[in-house]
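Inspection log for the structure reproduced underneath, given as structure tokens.
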Amino acid sequence: MRRELQAVACAGCLAALSLPISASASAESATTAQATGTRNAASQARQQACRVLAVKPSVVQGKVRATAARSGCADQARLRVRIKVAVSGPDRVVKSGSQIVGNGRITAKVACAATPRRYYTVALDSQGRTSQSRSVKLSCGRPAAGGSFSSAPETAVVSLTNAARAKNGCRPLVHDAKLHLAAERHSADMARNNYFSHTSRDGRTFDQRIKATGFVFRQAGENIAKGQPSAAAVVKAWLDSPGHRANIMNCAFTHIGVGHNAKGPTWTQDFGTR
């Protein structure tokens, strides 16, 4: 008998769960469903309103500044900002930063080079939202006379090199924008990664770096130096070294590119014959 009662009681429980609900309960359930739907719609609206924005870089007090902003968001996420430089080949990140925010902005700063470069900002958050600003050409310091692409120390090295060549009966070298780019990149890479070599950390040789800029040559050479405080000091050091002097005095060379980075300082001369 106890077993039957237990069975009936259990059957009653199951049956009770399947009984039709009353009209008032139905109304209450509908109200709850409507409220839930309203909350879901509001949540979706907030998610759609949430966005990130990349503000184009600018120069402030000798620094390239880039800002990423997040607005209209109901939750928190990690917001990242990256300053990128447009170069031949894959663009590289020169500075980045991140912070967990709800709605707000973060800024990254990097030292501004004397040589004009094209920078842009990338903003992204951990929820997958991204934004990229348009690129803008920025530089700091005074360019060489005539609005050249080179800095004052780089232009001085070219002048001193040509003066030395003139004494040897060689024609002056033309400061070429592509050779300058190869030299400047190598000086910057040595300074940034704290090494001193004609071979880059990625294994490239000087002729490969020159080819990467699009400069077509029949003959090429390179001089590097580190620690000389001025253009005059570095040219003197090169002229006092037989191997470096041979490159400077090679009358077959027609073009030159000079790259200078203040850290070190590091210097690069790339020579080429078209």
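Letters A, B, ... mark the chains of the structure tokens in the order given; residue numbers begin at 1 per chain; ligand numbers begin at 1, in order shown.
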Q | Distance query A:Thr161 at most 9 Å, only C-alpha atoms, self and fewer than 6 positions along chain excluded, as a ChimeraX atom specification | A | /A:172-173,235,248-249
Closest atom pairs, residues of stretch 140-251 of chain A within 10 Å of stretch 88-105 of chain A, only C-alpha atoms, as JSON lines:
```
{"residue": "A:Ala212", "atom": "CA", "partner": "A:Ser88", "partner_atom": "CA", "distance": 7.5}
{"residue": "A:Thr213", "atom": "CA", "partner": "A:Ser88", "partner_atom": "CA", "distance": 6.9}
{"residue": "A:Gly214", "atom": "CA", "partner": "A:Ser88", "partner_atom": "CA", "distance": 9.1}
```
Write the residues of the selection above to a file with N, CA, C and O atoms, as a CSV table (one decimal), in the first residue's frame.
```
chain,number,residue,atom,x,y,z
A,212,ALA,N,65.0,46.4,-51.3
A,212,ALA,CA,63.7,46.5,-50.8
A,212,ALA,C,63.1,47.8,-50.9
A,212,ALA,O,61.8,48.0,-50.9
A,213,THR,N,63.9,48.9,-51.1
A,213,THR,CA,63.4,50.2,-51.3
A,213,THR,C,63.0,50.5,-52.8
A,213,THR,O,62.4,51.6,-53.1
A,214,GLY,N,63.4,49.6,-53.7
A,214,GLY,CA,63.2,49.8,-55.1
A,214,GLY,C,64.4,50.5,-55.8
A,214,GLY,O,64.3,50.7,-57.0
```
Could you give me, as a Markdown table, every stretch 135-229 of chain A residue with an atom at most 10 Å from stretch 250-265 of chain A, plus its closest atom pair and distance in Å to one decimal, counting only C-alpha atoms, rows ordered by chain then number?
```
| residue | atom | partner | partner_atom | distance |
| --- | --- | --- | --- | --- |
| A:Ser150 | CA | A:Val258 | CA | 8.0 |
| A:Ser151 | CA | A:His260 | CA | 8.2 |
| A:Ala152 | CA | A:His260 | CA | 9.7 |
| A:Pro153 | CA | A:His260 | CA | 7.2 |
| A:Glu154 | CA | A:Val258 | CA | 5.5 |
| A:Thr155 | CA | A:Val258 | CA | 7.8 |
| A:Ala156 | CA | A:Val258 | CA | 9.6 |
| A:Val157 | CA | A:Val258 | CA | 7.2 |
| A:Val158 | CA | A:Val258 | CA | 7.2 |
| A:Thr161 | CA | A:Ile256 | CA | 9.6 |
| A:Asn162 | CA | A:Ile256 | CA | 10.0 |
| A:Arg165 | CA | A:Cys251 | CA | 7.8 |
| A:Ala166 | CA | A:Cys251 | CA | 9.7 |
| A:Asn168 | CA | A:Cys251 | CA | 8.5 |
| A:Gly169 | CA | A:Cys251 | CA | 7.9 |
| A:Cys170 | CA | A:Cys251 | CA | 4.9 |
| A:Arg171 | CA | A:Cys251 | CA | 6.8 |
| A:Pro172 | CA | A:Thr254 | CA | 7.4 |
| A:Leu173 | CA | A:His255 | CA | 4.8 |
| A:Val174 | CA | A:His255 | CA | 4.6 |
| A:His175 | CA | A:Ile256 | CA | 5.0 |
| A:Asp176 | CA | A:Gly257 | CA | 5.7 |
| A:Ala177 | CA | A:Gly257 | CA | 7.0 |
| A:Lys178 | CA | A:Gly257 | CA | 7.4 |
| A:Leu179 | CA | A:Gly257 | CA | 4.3 |
| A:His180 | CA | A:Gly257 | CA | 3.7 |
| A:Leu181 | CA | A:Gly257 | CA | 7.2 |
| A:Ala182 | CA | A:Gly257 | CA | 7.4 |
| A:Ala183 | CA | A:Gly259 | CA | 4.5 |
| A:Glu184 | CA | A:Gly259 | CA | 3.6 |
| A:Arg185 | CA | A:Gly259 | CA | 7.2 |
| A:His186 | CA | A:Gly259 | CA | 7.5 |
| A:Ser187 | CA | A:Asn261 | CA | 5.8 |
| A:Ala188 | CA | A:Asn261 | CA | 5.7 |
| A:Asp189 | CA | A:Asn261 | CA | 9.2 |
| A:Met190 | CA | A:Asn261 | CA | 9.0 |
| A:Ala191 | CA | A:Lys263 | CA | 5.7 |
| A:Arg192 | CA | A:Lys263 | CA | 8.1 |
| A:Asn194 | CA | A:Gly264 | CA | 8.9 |
| A:Ile210 | CA | A:Gly257 | CA | 9.7 |
| A:Phe217 | CA | A:His255 | CA | 9.6 |
| A:Arg218 | CA | A:Phe253 | CA | 9.5 |
| A:Gln219 | CA | A:Phe253 | CA | 7.5 |
| A:Ala220 | CA | A:Phe253 | CA | 7.6 |
| A:Gly221 | CA | A:Phe253 | CA | 8.7 |
| A:Glu222 | CA | A:Ile256 | CA | 9.4 |
| A:Asn223 | CA | A:Val258 | CA | 9.5 |
| A:Ile224 | CA | A:Gly259 | CA | 9.4 |
| A:Ala225 | CA | A:Pro265 | CA | 8.3 |
| A:Lys226 | CA | A:Pro265 | CA | 5.6 |
| A:Gly227 | CA | A:Pro265 | CA | 5.1 |
| A:Gln228 | CA | A:Pro265 | CA | 6.4 |
| A:Pro229 | CA | A:Pro265 | CA | 6.6 |
```
Same residues, N, CA and C atoms, output as a compact mmCIF listing (two decimals), in the first residue's frame:
```txt
# COMPACT_ATOMS: atom_id res chain seq x y z
N SER A 150 65.99 64.59 -46.03
CA SER A 150 67.00 64.24 -45.03
C SER A 150 67.09 65.29 -43.93
N SER A 151 67.64 64.87 -42.79
CA SER A 151 67.84 65.78 -41.66
C SER A 151 69.14 66.56 -41.85
N ALA A 152 69.35 67.53 -40.99
CA ALA A 152 70.57 68.35 -41.08
C ALA A 152 71.84 67.51 -40.91
N PRO A 153 71.95 66.61 -39.91
CA PRO A 153 73.16 65.79 -39.79
C PRO A 153 73.38 64.90 -41.01
N GLU A 154 72.30 64.36 -41.57
CA GLU A 154 72.44 63.49 -42.75
C GLU A 154 72.93 64.28 -43.95
N THR A 155 72.38 65.47 -44.13
CA THR A 155 72.81 66.32 -45.24
C THR A 155 74.27 66.74 -45.08
N ALA A 156 74.68 66.98 -43.84
CA ALA A 156 76.07 67.37 -43.57
C ALA A 156 77.03 66.23 -43.92
N VAL A 157 76.64 65.00 -43.63
CA VAL A 157 77.48 63.85 -43.98
C VAL A 157 77.67 63.76 -45.49
N VAL A 158 76.59 63.99 -46.24
CA VAL A 158 76.69 63.96 -47.70
C VAL A 158 77.65 65.04 -48.19
N THR A 161 81.24 64.13 -47.30
CA THR A 161 81.68 62.99 -48.12
C THR A 161 82.03 63.46 -49.52
N ASN A 162 81.21 64.33 -50.10
CA ASN A 162 81.48 64.84 -51.44
C ASN A 162 82.71 65.74 -51.47
N ARG A 165 85.61 63.38 -51.57
CA ARG A 165 85.70 62.75 -52.89
C ARG A 165 86.27 63.71 -53.93
N ALA A 166 85.92 64.99 -53.80
CA ALA A 166 86.42 65.97 -54.77
C ALA A 166 87.94 66.04 -54.75
N ASN A 168 89.82 63.64 -54.34
CA ASN A 168 90.31 62.43 -55.00
C ASN A 168 89.91 62.40 -56.47
N GLY A 169 89.29 63.49 -56.95
CA GLY A 169 88.91 63.58 -58.35
C GLY A 169 87.61 62.88 -58.69
N CYS A 170 86.81 62.53 -57.68
CA CYS A 170 85.53 61.85 -57.94
C CYS A 170 84.39 62.85 -58.06
N ARG A 171 83.41 62.51 -58.83
CA ARG A 171 82.23 63.36 -58.97
C ARG A 171 81.39 63.28 -57.69
N PRO A 172 80.63 64.32 -57.38
CA PRO A 172 79.80 64.29 -56.17
C PRO A 172 78.68 63.25 -56.26
N LEU A 173 78.35 62.70 -55.14
CA LEU A 173 77.27 61.72 -55.06
C LEU A 173 75.93 62.42 -54.93
N VAL A 174 74.89 61.86 -55.53
CA VAL A 174 73.53 62.37 -55.40
C VAL A 174 72.88 61.70 -54.20
N HIS A 175 72.32 62.51 -53.29
CA HIS A 175 71.62 61.93 -52.14
C HIS A 175 70.26 61.45 -52.62
N ASP A 176 70.11 60.15 -52.69
CA ASP A 176 68.92 59.52 -53.25
C ASP A 176 67.92 59.17 -52.15
N ALA A 177 66.64 59.44 -52.40
CA ALA A 177 65.60 59.21 -51.38
C ALA A 177 65.47 57.74 -51.01
N LYS A 178 65.61 56.84 -51.98
CA LYS A 178 65.47 55.41 -51.69
C LYS A 178 66.68 54.88 -50.92
N LEU A 179 67.87 55.30 -51.31
CA LEU A 179 69.05 54.90 -50.55
C LEU A 179 69.01 55.48 -49.14
N HIS A 180 68.51 56.71 -49.03
CA HIS A 180 68.35 57.32 -47.72
C HIS A 180 67.40 56.50 -46.85
N LEU A 181 66.32 56.02 -47.43
CA LEU A 181 65.36 55.22 -46.68
C LEU A 181 66.00 53.93 -46.18
N ALA A 182 66.79 53.27 -47.03
CA ALA A 182 67.47 52.04 -46.61
C ALA A 182 68.44 52.31 -45.47
N ALA A 183 69.19 53.41 -45.58
CA ALA A 183 70.18 53.76 -44.55
C ALA A 183 69.50 54.17 -43.25
N GLU A 184 68.45 54.97 -43.37
CA GLU A 184 67.74 55.44 -42.18
C GLU A 184 67.11 54.27 -41.42
N ARG A 185 66.50 53.35 -42.15
CA ARG A 185 65.88 52.19 -41.52
C ARG A 185 66.91 51.35 -40.76
N HIS A 186 68.09 51.20 -41.37
CA HIS A 186 69.11 50.36 -40.72
C HIS A 186 69.65 51.03 -39.47
N SER A 187 69.88 52.33 -39.53
CA SER A 187 70.34 53.05 -38.33
C SER A 187 69.30 52.95 -37.22
N ALA A 188 68.03 53.12 -37.58
CA ALA A 188 66.96 53.04 -36.59
C ALA A 188 66.85 51.63 -36.01
N ASP A 189 67.02 50.61 -36.85
CA ASP A 189 66.92 49.23 -36.38
C ASP A 189 68.06 48.88 -35.44
N MET A 190 69.28 49.33 -35.76
CA MET A 190 70.42 49.07 -34.87
C MET A 190 70.22 49.77 -33.53
N ALA A 191 69.71 50.99 -33.57
CA ALA A 191 69.49 51.74 -32.33
C ALA A 191 68.39 51.10 -31.49
N ARG A 192 67.31 50.71 -32.14
CA ARG A 192 66.17 50.16 -31.43
C ARG A 192 66.47 48.80 -30.82
N ASN A 194 69.61 47.51 -30.35
CA ASN A 194 70.91 47.50 -29.65
C ASN A 194 71.89 46.49 -30.25
N ILE A 210 68.66 47.53 -49.54
CA ILE A 210 68.61 48.54 -50.60
C ILE A 210 67.60 48.14 -51.67
N PHE A 217 70.49 48.87 -58.70
CA PHE A 217 71.92 49.22 -58.76
C PHE A 217 72.72 48.14 -59.48
N ARG A 218 73.88 48.57 -59.98
CA ARG A 218 74.85 47.64 -60.56
C ARG A 218 75.96 47.33 -59.56
N GLN A 219 76.15 48.26 -58.61
CA GLN A 219 77.18 48.10 -57.58
C GLN A 219 76.69 48.81 -56.33
N ALA A 220 77.01 48.28 -55.17
CA ALA A 220 76.55 48.90 -53.93
C ALA A 220 77.56 48.68 -52.82
N GLY A 221 77.50 49.53 -51.80
CA GLY A 221 78.39 49.42 -50.64
C GLY A 221 77.73 50.06 -49.43
N GLU A 222 78.30 49.83 -48.27
CA GLU A 222 77.73 50.39 -47.04
C GLU A 222 78.81 50.65 -46.01
N ASN A 223 78.70 51.78 -45.31
CA ASN A 223 79.50 52.11 -44.13
C ASN A 223 78.55 52.30 -42.95
N ILE A 224 78.94 51.81 -41.77
CA ILE A 224 78.15 52.06 -40.56
C ILE A 224 79.09 52.55 -39.47
N ALA A 225 78.54 53.25 -38.50
CA ALA A 225 79.33 53.75 -37.37
C ALA A 225 78.40 53.97 -36.19
N LYS A 226 79.00 54.01 -35.00
CA LYS A 226 78.21 54.24 -33.79
C LYS A 226 79.03 55.01 -32.77
N GLY A 227 78.42 56.01 -32.17
CA GLY A 227 79.06 56.74 -31.08
C GLY A 227 79.62 58.09 -31.45
N GLN A 228 79.79 58.38 -32.74
CA GLN A 228 80.33 59.69 -33.14
C GLN A 228 79.26 60.75 -32.96
N PRO A 229 79.58 61.87 -32.29
CA PRO A 229 78.55 62.84 -31.91
C PRO A 229 78.11 63.78 -33.03
```
Q: Do a neighbour search on A:Tyr119 at 7 Å with only C-alpha atoms, toss out local chain neighbours closer than 2 positions, and write the hits as JSON, numbers by chain.
A: {"A": [57, 83, 84, 85, 86, 117, 135, 136, 137]}
Can I get the selection written as a PDB file, in the first residue's frame, with all heavy atoms?
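selection.pdb, written as the output of this step:
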```
ATOM      1  N   PRO A  57      47.043  60.483 -35.927  1.00  0.00           N
ATOM      2  CA  PRO A  57      48.174  60.966 -35.122  1.00  0.00           C
ATOM      3  C   PRO A  57      48.452  62.453 -35.349  1.00  0.00           C
ATOM      4  O   PRO A  57      48.120  63.018 -36.388  1.00  0.00           O
ATOM      5  CB  PRO A  57      49.349  60.114 -35.620  1.00  0.00           C
ATOM      6  CG  PRO A  57      48.724  58.937 -36.302  1.00  0.00           C
ATOM      7  CD  PRO A  57      47.450  59.454 -36.883  1.00  0.00           C
ATOM      8  N   ILE A  83      50.385  52.819 -32.819  1.00  0.00           N
ATOM      9  CA  ILE A  83      50.886  53.782 -33.805  1.00  0.00           C
ATOM     10  C   ILE A  83      51.657  52.977 -34.842  1.00  0.00           C
ATOM     11  O   ILE A  83      52.603  52.262 -34.510  1.00  0.00           O
ATOM     12  CB  ILE A  83      51.809  54.833 -33.166  1.00  0.00           C
ATOM     13  CG1 ILE A  83      51.105  55.568 -32.026  1.00  0.00           C
ATOM     14  CG2 ILE A  83      52.290  55.827 -34.224  1.00  0.00           C
ATOM     15  CD1 ILE A  83      52.002  56.555 -31.292  1.00  0.00           C
ATOM     16  N   LYS A  84      51.249  53.099 -36.093  1.00  0.00           N
ATOM     17  CA  LYS A  84      51.908  52.339 -37.160  1.00  0.00           C
ATOM     18  C   LYS A  84      52.504  53.289 -38.191  1.00  0.00           C
ATOM     19  O   LYS A  84      52.005  54.394 -38.411  1.00  0.00           O
ATOM     20  CB  LYS A  84      50.920  51.385 -37.832  1.00  0.00           C
ATOM     21  CG  LYS A  84      50.305  50.370 -36.868  1.00  0.00           C
ATOM     22  CD  LYS A  84      49.504  49.294 -37.576  1.00  0.00           C
ATOM     23  CE  LYS A  84      50.390  48.220 -38.143  1.00  0.00           C
ATOM     24  NZ  LYS A  84      49.616  47.050 -38.632  1.00  0.00           N
ATOM     25  N   VAL A  85      53.609  52.855 -38.807  1.00  0.00           N
ATOM     26  CA  VAL A  85      54.273  53.628 -39.853  1.00  0.00           C
ATOM     27  C   VAL A  85      54.079  52.902 -41.174  1.00  0.00           C
ATOM     28  O   VAL A  85      54.334  51.690 -41.268  1.00  0.00           O
ATOM     29  CB  VAL A  85      55.772  53.805 -39.552  1.00  0.00           C
ATOM     30  CG1 VAL A  85      56.467  54.499 -40.710  1.00  0.00           C
ATOM     31  CG2 VAL A  85      55.965  54.614 -38.285  1.00  0.00           C
ATOM     32  N   ALA A  86      53.628  53.626 -42.171  1.00  0.00           N
ATOM     33  CA  ALA A  86      53.444  53.048 -43.500  1.00  0.00           C
ATOM     34  C   ALA A  86      54.793  52.979 -44.206  1.00  0.00           C
ATOM     35  O   ALA A  86      55.452  53.996 -44.410  1.00  0.00           O
ATOM     36  CB  ALA A  86      52.456  53.895 -44.310  1.00  0.00           C
ATOM     37  N   ARG A 117      57.565  60.894 -42.034  1.00  0.00           N
ATOM     38  CA  ARG A 117      57.054  59.528 -42.131  1.00  0.00           C
ATOM     39  C   ARG A 117      55.533  59.566 -42.103  1.00  0.00           C
ATOM     40  O   ARG A 117      54.953  60.482 -41.550  1.00  0.00           O
ATOM     41  CB  ARG A 117      57.576  58.668 -40.965  1.00  0.00           C
ATOM     42  CG  ARG A 117      59.071  58.409 -41.011  1.00  0.00           C
ATOM     43  CD  ARG A 117      59.519  57.633 -39.794  1.00  0.00           C
ATOM     44  NE  ARG A 117      60.934  57.328 -39.844  1.00  0.00           N
ATOM     45  CZ  ARG A 117      61.625  56.766 -38.857  1.00  0.00           C
ATOM     46  NH1 ARG A 117      61.004  56.465 -37.733  1.00  0.00           N
ATOM     47  NH2 ARG A 117      62.902  56.510 -38.991  1.00  0.00           N
ATOM     48  N   SER A 135      46.034  57.941 -42.716  1.00  0.00           N
ATOM     49  CA  SER A 135      47.449  58.201 -42.456  1.00  0.00           C
ATOM     50  C   SER A 135      47.765  59.676 -42.660  1.00  0.00           C
ATOM     51  O   SER A 135      47.086  60.373 -43.419  1.00  0.00           O
ATOM     52  CB  SER A 135      48.330  57.355 -43.371  1.00  0.00           C
ATOM     53  OG  SER A 135      48.138  57.719 -44.725  1.00  0.00           O
ATOM     54  N   VAL A 136      48.792  60.133 -41.964  1.00  0.00           N
ATOM     55  CA  VAL A 136      49.200  61.527 -42.067  1.00  0.00           C
ATOM     56  C   VAL A 136      50.726  61.598 -42.020  1.00  0.00           C
ATOM     57  O   VAL A 136      51.367  60.851 -41.285  1.00  0.00           O
ATOM     58  CB  VAL A 136      48.575  62.377 -40.927  1.00  0.00           C
ATOM     59  CG1 VAL A 136      48.942  61.823 -39.567  1.00  0.00           C
ATOM     60  CG2 VAL A 136      48.949  63.839 -41.045  1.00  0.00           C
ATOM     61  N   LYS A 137      51.305  62.464 -42.824  1.00  0.00           N
ATOM     62  CA  LYS A 137      52.755  62.602 -42.901  1.00  0.00           C
ATOM     63  C   LYS A 137      53.226  63.590 -41.840  1.00  0.00           C
ATOM     64  O   LYS A 137      52.786  64.743 -41.815  1.00  0.00           O
ATOM     65  CB  LYS A 137      53.170  63.084 -44.294  1.00  0.00           C
ATOM     66  CG  LYS A 137      54.633  62.853 -44.634  1.00  0.00           C
ATOM     67  CD  LYS A 137      54.884  63.146 -46.101  1.00  0.00           C
ATOM     68  CE  LYS A 137      56.302  62.753 -46.500  1.00  0.00           C
ATOM     69  NZ  LYS A 137      56.537  63.011 -47.953  1.00  0.00           N
TER      70      LYS A 137
END
```
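Atom pair atom CA of A:Val110 / atom CA of A:Arg78 has a distance of 21.0 Å (rounded to one decimal).
You will find atom CA of A:Pro116 at 15.7 Å from atom CA of A:Lys56.
Our summary of the geometry notes that atom CA of A:Leu53 is positioned 5.5 Å from atom CA of A:Ser131.
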Q.
Going by DSSP on the backbone, which residues of stretch 54-200 of chain A come out as helix (DSSP H, G or I)? List them as a PyMOL selection string.
A. chain A and resi 152-167+177-193
Could you write those residues out with N, CA, C and O atoms, as a compact mmCIF listing (two decimals), in the first residue's frame?
```txt
# COMPACT_ATOMS: atom_id res chain seq x y z
N ALA A 152 69.35 67.53 -40.99
CA ALA A 152 70.57 68.35 -41.08
C ALA A 152 71.84 67.51 -40.91
O ALA A 152 72.79 67.66 -41.69
N PRO A 153 71.95 66.61 -39.91
CA PRO A 153 73.16 65.79 -39.79
C PRO A 153 73.38 64.90 -41.01
O PRO A 153 74.53 64.70 -41.44
N GLU A 154 72.30 64.36 -41.57
CA GLU A 154 72.44 63.49 -42.75
C GLU A 154 72.93 64.28 -43.95
O GLU A 154 73.81 63.82 -44.70
N THR A 155 72.38 65.47 -44.13
CA THR A 155 72.81 66.32 -45.24
C THR A 155 74.27 66.74 -45.08
O THR A 155 75.03 66.80 -46.06
N ALA A 156 74.68 66.98 -43.84
CA ALA A 156 76.07 67.37 -43.57
C ALA A 156 77.03 66.23 -43.92
O ALA A 156 78.13 66.47 -44.46
N VAL A 157 76.64 65.00 -43.63
CA VAL A 157 77.48 63.85 -43.98
C VAL A 157 77.67 63.76 -45.49
O VAL A 157 78.79 63.51 -45.97
N VAL A 158 76.59 63.99 -46.24
CA VAL A 158 76.69 63.96 -47.70
C VAL A 158 77.65 65.04 -48.19
O VAL A 158 78.52 64.79 -49.05
N SER A 159 77.54 66.24 -47.65
CA SER A 159 78.41 67.35 -48.08
C SER A 159 79.87 67.07 -47.77
O SER A 159 80.76 67.29 -48.62
N LEU A 160 80.15 66.56 -46.57
CA LEU A 160 81.53 66.26 -46.17
C LEU A 160 82.09 65.10 -46.99
O LEU A 160 83.28 65.09 -47.34
N THR A 161 81.24 64.13 -47.30
CA THR A 161 81.68 62.99 -48.12
C THR A 161 82.03 63.46 -49.52
O THR A 161 83.07 63.07 -50.09
N ASN A 162 81.21 64.33 -50.10
CA ASN A 162 81.48 64.84 -51.44
C ASN A 162 82.71 65.74 -51.47
O ASN A 162 83.46 65.76 -52.46
N ALA A 163 82.94 66.47 -50.38
CA ALA A 163 84.15 67.30 -50.31
C ALA A 163 85.40 66.44 -50.31
O ALA A 163 86.41 66.77 -50.97
N ALA A 164 85.36 65.33 -49.59
CA ALA A 164 86.51 64.41 -49.57
C ALA A 164 86.69 63.75 -50.92
O ALA A 164 87.83 63.58 -51.39
N ARG A 165 85.61 63.38 -51.57
CA ARG A 165 85.70 62.75 -52.89
C ARG A 165 86.27 63.71 -53.93
O ARG A 165 87.02 63.29 -54.83
N ALA A 166 85.92 64.99 -53.80
CA ALA A 166 86.42 65.97 -54.77
C ALA A 166 87.94 66.04 -54.75
O ALA A 166 88.58 66.22 -55.80
N LYS A 167 88.54 65.86 -53.58
CA LYS A 167 90.00 65.88 -53.47
C LYS A 167 90.63 64.67 -54.15
O LYS A 167 91.82 64.68 -54.48
N ALA A 177 66.64 59.44 -52.40
CA ALA A 177 65.60 59.21 -51.38
C ALA A 177 65.47 57.74 -51.01
O ALA A 177 65.25 57.39 -49.84
N LYS A 178 65.61 56.84 -51.98
CA LYS A 178 65.47 55.41 -51.69
C LYS A 178 66.68 54.88 -50.92
O LYS A 178 66.52 54.10 -49.97
N LEU A 179 67.87 55.30 -51.31
CA LEU A 179 69.05 54.90 -50.55
C LEU A 179 69.01 55.48 -49.14
O LEU A 179 69.42 54.83 -48.17
N HIS A 180 68.51 56.71 -49.03
CA HIS A 180 68.35 57.32 -47.72
C HIS A 180 67.40 56.50 -46.85
O HIS A 180 67.66 56.28 -45.66
N LEU A 181 66.32 56.02 -47.43
CA LEU A 181 65.36 55.22 -46.68
C LEU A 181 66.00 53.93 -46.18
O LEU A 181 65.80 53.54 -45.02
N ALA A 182 66.79 53.27 -47.03
CA ALA A 182 67.47 52.04 -46.61
C ALA A 182 68.44 52.31 -45.47
O ALA A 182 68.50 51.55 -44.49
N ALA A 183 69.19 53.41 -45.58
CA ALA A 183 70.18 53.76 -44.55
C ALA A 183 69.50 54.17 -43.25
O ALA A 183 69.90 53.77 -42.15
N GLU A 184 68.45 54.97 -43.37
CA GLU A 184 67.74 55.44 -42.18
C GLU A 184 67.11 54.27 -41.42
O GLU A 184 67.16 54.20 -40.19
N ARG A 185 66.50 53.35 -42.15
CA ARG A 185 65.88 52.19 -41.52
C ARG A 185 66.91 51.35 -40.76
O ARG A 185 66.65 50.86 -39.67
N HIS A 186 68.09 51.20 -41.37
CA HIS A 186 69.11 50.36 -40.72
C HIS A 186 69.65 51.03 -39.47
O HIS A 186 69.84 50.37 -38.44
N SER A 187 69.88 52.33 -39.53
CA SER A 187 70.34 53.05 -38.33
C SER A 187 69.30 52.95 -37.22
O SER A 187 69.63 52.73 -36.05
N ALA A 188 68.03 53.12 -37.58
CA ALA A 188 66.96 53.04 -36.59
C ALA A 188 66.85 51.63 -36.01
O ALA A 188 66.63 51.46 -34.80
N ASP A 189 67.02 50.61 -36.85
CA ASP A 189 66.92 49.23 -36.38
C ASP A 189 68.06 48.88 -35.44
O ASP A 189 67.85 48.23 -34.41
N MET A 190 69.28 49.33 -35.76
CA MET A 190 70.42 49.07 -34.87
C MET A 190 70.22 49.77 -33.53
O MET A 190 70.52 49.20 -32.47
N ALA A 191 69.71 50.99 -33.57
CA ALA A 191 69.49 51.74 -32.33
C ALA A 191 68.39 51.10 -31.49
O ALA A 191 68.54 50.93 -30.27
N ARG A 192 67.31 50.71 -32.14
CA ARG A 192 66.17 50.16 -31.43
C ARG A 192 66.47 48.80 -30.82
O ARG A 192 66.05 48.49 -29.69
N ASN A 193 67.22 47.97 -31.54
CA ASN A 193 67.49 46.59 -31.09
C ASN A 193 68.89 46.40 -30.51
O ASN A 193 69.29 45.27 -30.24
```
Q: Would you please extract all strand (DSSP E) residues from stretch 62-105 of chain A, as assigned by DSSP on the backbone, and give them as a PyMOL selection string?
A: chain A and resi 63-71+77-85+92-101+104-105
**Q.** A:Cys112 environment, 8 Å, only C-alpha atoms, sequence neighbours closer than 3 positions dropped, as a ChimeraX atom specification
**A.** /A:59,62-64,138-140
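With only C-alpha atoms as the basis for measurement, A:Thr67 is the residue among A:Val87, A:Thr67, A:Gly72, A:Val216 that approaches A:Leu124 most closely.
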Q) Looking at only C-alpha atoms, which of A:Asp202, A:Arg245, A:Phe215, A:Gln61 is the one that sits closest to A:Arg274? A) A:Phe215
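Around A:Gln127, within 12 Å and counting only C-alpha atoms, the residues found are A:Gln47, A:Cys50, A:Arg51, A:Val52, A:Arg70, A:Cys73, A:Asp75, A:Gln76, A:Ala77, A:Arg78, A:Leu79, A:Arg80, A:Ile100, A:Val101, A:Gly102, A:Ala123, A:Leu124, A:Thr130, once anything fewer than 3 positions away on its own chain is removed.
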